[in-house]
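To start, the structure under review is shown below, and the notes come after it.
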Amino acid sequence: ASVTEGGISYTQPGRYCQTYLTSEGCDSTLCVVINAVPAPALDTFIRIVIGPGQAPVLSLPGGFATYQWSPADHLSCSDCAAPVFTPPSPAPDSLSYSVTVTNAAGCSSVVTYRVRMLPPCDPANVRMPNAFSPDGDGVNDLFRPVAQEGLEVILSLEIYNRWGEKVYAGSGPNAGWDGRIDGKDAAVDTYIYLLEVACDGEKGKRSGEVNLLR
């Protein structure tokens with residue numbers, strides 16, 4: 001930012017003096033004091049994740065002179081510090097808002113607010129790879145659910161060979177098969193997985209195939 005006084009532009013805070021000579025030969029000195037006023041100290045990006053039916057408050061610190069939200073769609077107010085967000089129906093994956101916050105000195109900061117809306121809980125929403133290669137190269141060595149931010153809770157994972165024999169069983173969100181059976185490399189083949197998922201307190205199962213590659 002800059003301040004212009006007497007045809008001179010100042011970009012740094014400080015005391016600046018300029019001497020002027022009148023037509024009668026007298027001089028006069030004009031001093032200008034420039035003070036830096038900081039903009040509101042706020043996080044420039046805020047992200048929240050909500051589930052179906054939730055109506056969160058998009059809150060910012062209070063005490064500033066003005067707040068201006070854009071767009072104002074689905075917000076309870078466009079000029080307050082903490083509007084209530086009511087998701088539209090049907091809800092998109094996410095919506096973004098920008099809010100301009102101005103302090104008493106007239107300095108502003110812009111904050112971006114992104115609201116991520118999760119779909120209803122469903123075991124089918126859990127993404128499972130259709131192949132993995134446990135060859136020790138550090139890439140795709142483990143068969144497990146793809147990391148997600150949905151409402152589904154992973155309870156257990158079981159793996160069966162083509163003859164229906166269980167070759168792996170694990171529980172909890174970190175369950176994953178490393179492609180070994182009793183400490184030995186499993187054969188390159190197609191295996192069946194059974195995944196148990198909790199949704200809103202109820203358990204659900206899904207199954208599918210995974211190809212072991214080397």
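Letters A, B, ... go to the chains of the structure tokens in the order shown; residues in each chain start at 1; ligands are counted from 1 in the same order.
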Counting only C-alpha atoms, which residues in stretch 12-85 of chain A sit no more than 7 Å from stretch 97-100 of chain A? For each one, give the nearest pair of atoms and the distance in Å, sorted by chain then residue number, as CSV.
residue,atom,partner,partner_atom,distance
A:Tyr67,CA,A:Thr100,CA,5.7
A:Gln68,CA,A:Thr100,CA,5.1
A:Trp69,CA,A:Val99,CA,4.3
A:Ser70,CA,A:Ser98,CA,5.4
A:Pro71,CA,A:Tyr97,CA,6.2
Atoms kept (C-alpha atoms) for selection, written as a JSON list (two decimals), in the first residue's frame:
[["chain", "number", "residue", "atom", "x", "y", "z"],
["A", 67, "TYR", "CA", -18.28, -8.75, 7.56],
["A", 68, "GLN", "CA", -19.41, -9.32, 3.99],
["A", 69, "TRP", "CA", -20.12, -12.85, 2.75],
["A", 70, "SER", "CA", -20.26, -13.75, -0.93],
["A", 71, "PRO", "CA", -22.34, -15.38, -2.21]]
Could you give me, as JSON lines, every stretch 73-135 of chain A residue with an atom at most 9 Å from stretch 181-195 of chain A, plus its closest atom pair and distance in Å to one decimal, counting only C-alpha atoms, rows ordered by chain then number?
{"residue": "A:Pro123", "atom": "CA", "partner": "A:Leu195", "partner_atom": "CA", "distance": 8.6}
{"residue": "A:Ala131", "atom": "CA", "partner": "A:Thr190", "partner_atom": "CA", "distance": 8.7}
{"residue": "A:Pro134", "atom": "CA", "partner": "A:Asp185", "partner_atom": "CA", "distance": 8.6}
Limited to N, CA, C and O atoms, could you put the picked residues into a file as a PDB file, in the first residue's frame?
ATOM      1  N   PRO A 123     -22.482 -48.472   2.748  1.00  0.00           N
ATOM      2  CA  PRO A 123     -21.285 -49.290   2.516  1.00  0.00           C
ATOM      3  C   PRO A 123     -20.779 -49.224   1.083  1.00  0.00           C
ATOM      4  O   PRO A 123     -19.585 -49.375   0.825  1.00  0.00           O
ATOM      5  N   ALA A 131      -7.181 -54.146  -7.772  1.00  0.00           N
ATOM      6  CA  ALA A 131      -5.920 -54.856  -7.932  1.00  0.00           C
ATOM      7  C   ALA A 131      -4.884 -54.250  -6.993  1.00  0.00           C
ATOM      8  O   ALA A 131      -4.990 -53.085  -6.601  1.00  0.00           O
ATOM      9  N   PRO A 134       1.764 -56.565  -4.244  1.00  0.00           N
ATOM     10  CA  PRO A 134       2.630 -56.626  -3.049  1.00  0.00           C
ATOM     11  C   PRO A 134       4.041 -57.110  -3.381  1.00  0.00           C
ATOM     12  O   PRO A 134       4.451 -58.209  -3.000  1.00  0.00           O
TER      13      PRO A 134
END
key: DSSP-assigned strand (DSSP E) among stretch 11-187 of chain A, expressed as a ChimeraX atom specification   = /A:14-21,27-34,45-50,66-70,94-102,108-117,131-132,153-160,166-171,180-181,184-185
request  = Go ahead and compute the interatomic distance for atom CA of A:Asn130 and atom CA of A:Val153, in Å to one decimal.
outcome  =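 Going from atom CA of A:Asn130 over to atom CA of A:Val153, I get 20.2 Å.
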key: Two-atom distance - atom CA of A:Gly138, atom CA of A:Gly172 (Å)   =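 The value is 22.2 Å.
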inquiry  = Here is a test: counting only C-alpha atoms, which residue of A:Ser133, A:Glu149, A:Pro38, A:Gly201 is nearest to A:Trp177?
reply    =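 With only C-alpha atoms as the atom set, the closest residue is A:Ser133.
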key: A:Ala105 environment, 10 Å, only C-alpha atoms, sequence neighbours closer than 5 positions dropped, as a VMD selection string   = chain A and resid 37 to 40 64 to 65
Prev. selection, N, CA, C and O atoms, output as a CSV table (one decimal), in the first residue's frame:
chain,number,residue,atom,x,y,z
A,37,VAL,N,-1.0,0.2,9.7
A,37,VAL,CA,-2.1,-0.4,10.4
A,37,VAL,C,-2.3,-1.8,9.9
A,37,VAL,O,-2.6,-2.0,8.7
A,38,PRO,N,-2.2,-2.8,10.7
A,38,PRO,CA,-2.3,-4.2,10.2
A,38,PRO,C,-3.7,-4.6,9.8
A,38,PRO,O,-4.7,-4.1,10.3
A,39,ALA,N,-3.8,-5.5,8.8
A,39,ALA,CA,-5.1,-6.0,8.4
A,39,ALA,C,-5.5,-7.0,9.4
A,39,ALA,O,-4.7,-7.5,10.2
A,40,PRO,N,-6.8,-7.4,9.4
A,40,PRO,CA,-7.2,-8.4,10.4
A,40,PRO,C,-6.5,-9.7,10.3
A,40,PRO,O,-6.2,-10.2,9.2
A,64,PHE,N,-14.9,-7.2,14.8
A,64,PHE,CA,-14.5,-6.4,13.6
A,64,PHE,C,-15.6,-5.5,13.2
A,64,PHE,O,-16.8,-5.7,13.5
A,65,ALA,N,-15.2,-4.5,12.4
A,65,ALA,CA,-16.2,-3.5,12.0
A,65,ALA,C,-17.3,-4.0,11.1
A,65,ALA,O,-18.5,-3.8,11.3
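The shortest atom-to-atom distance to A:Ile159, with only C-alpha atoms taken into account, belongs to A:Asn211 out of A:Cys199, A:Gly136, A:Ser109, A:Asn211.
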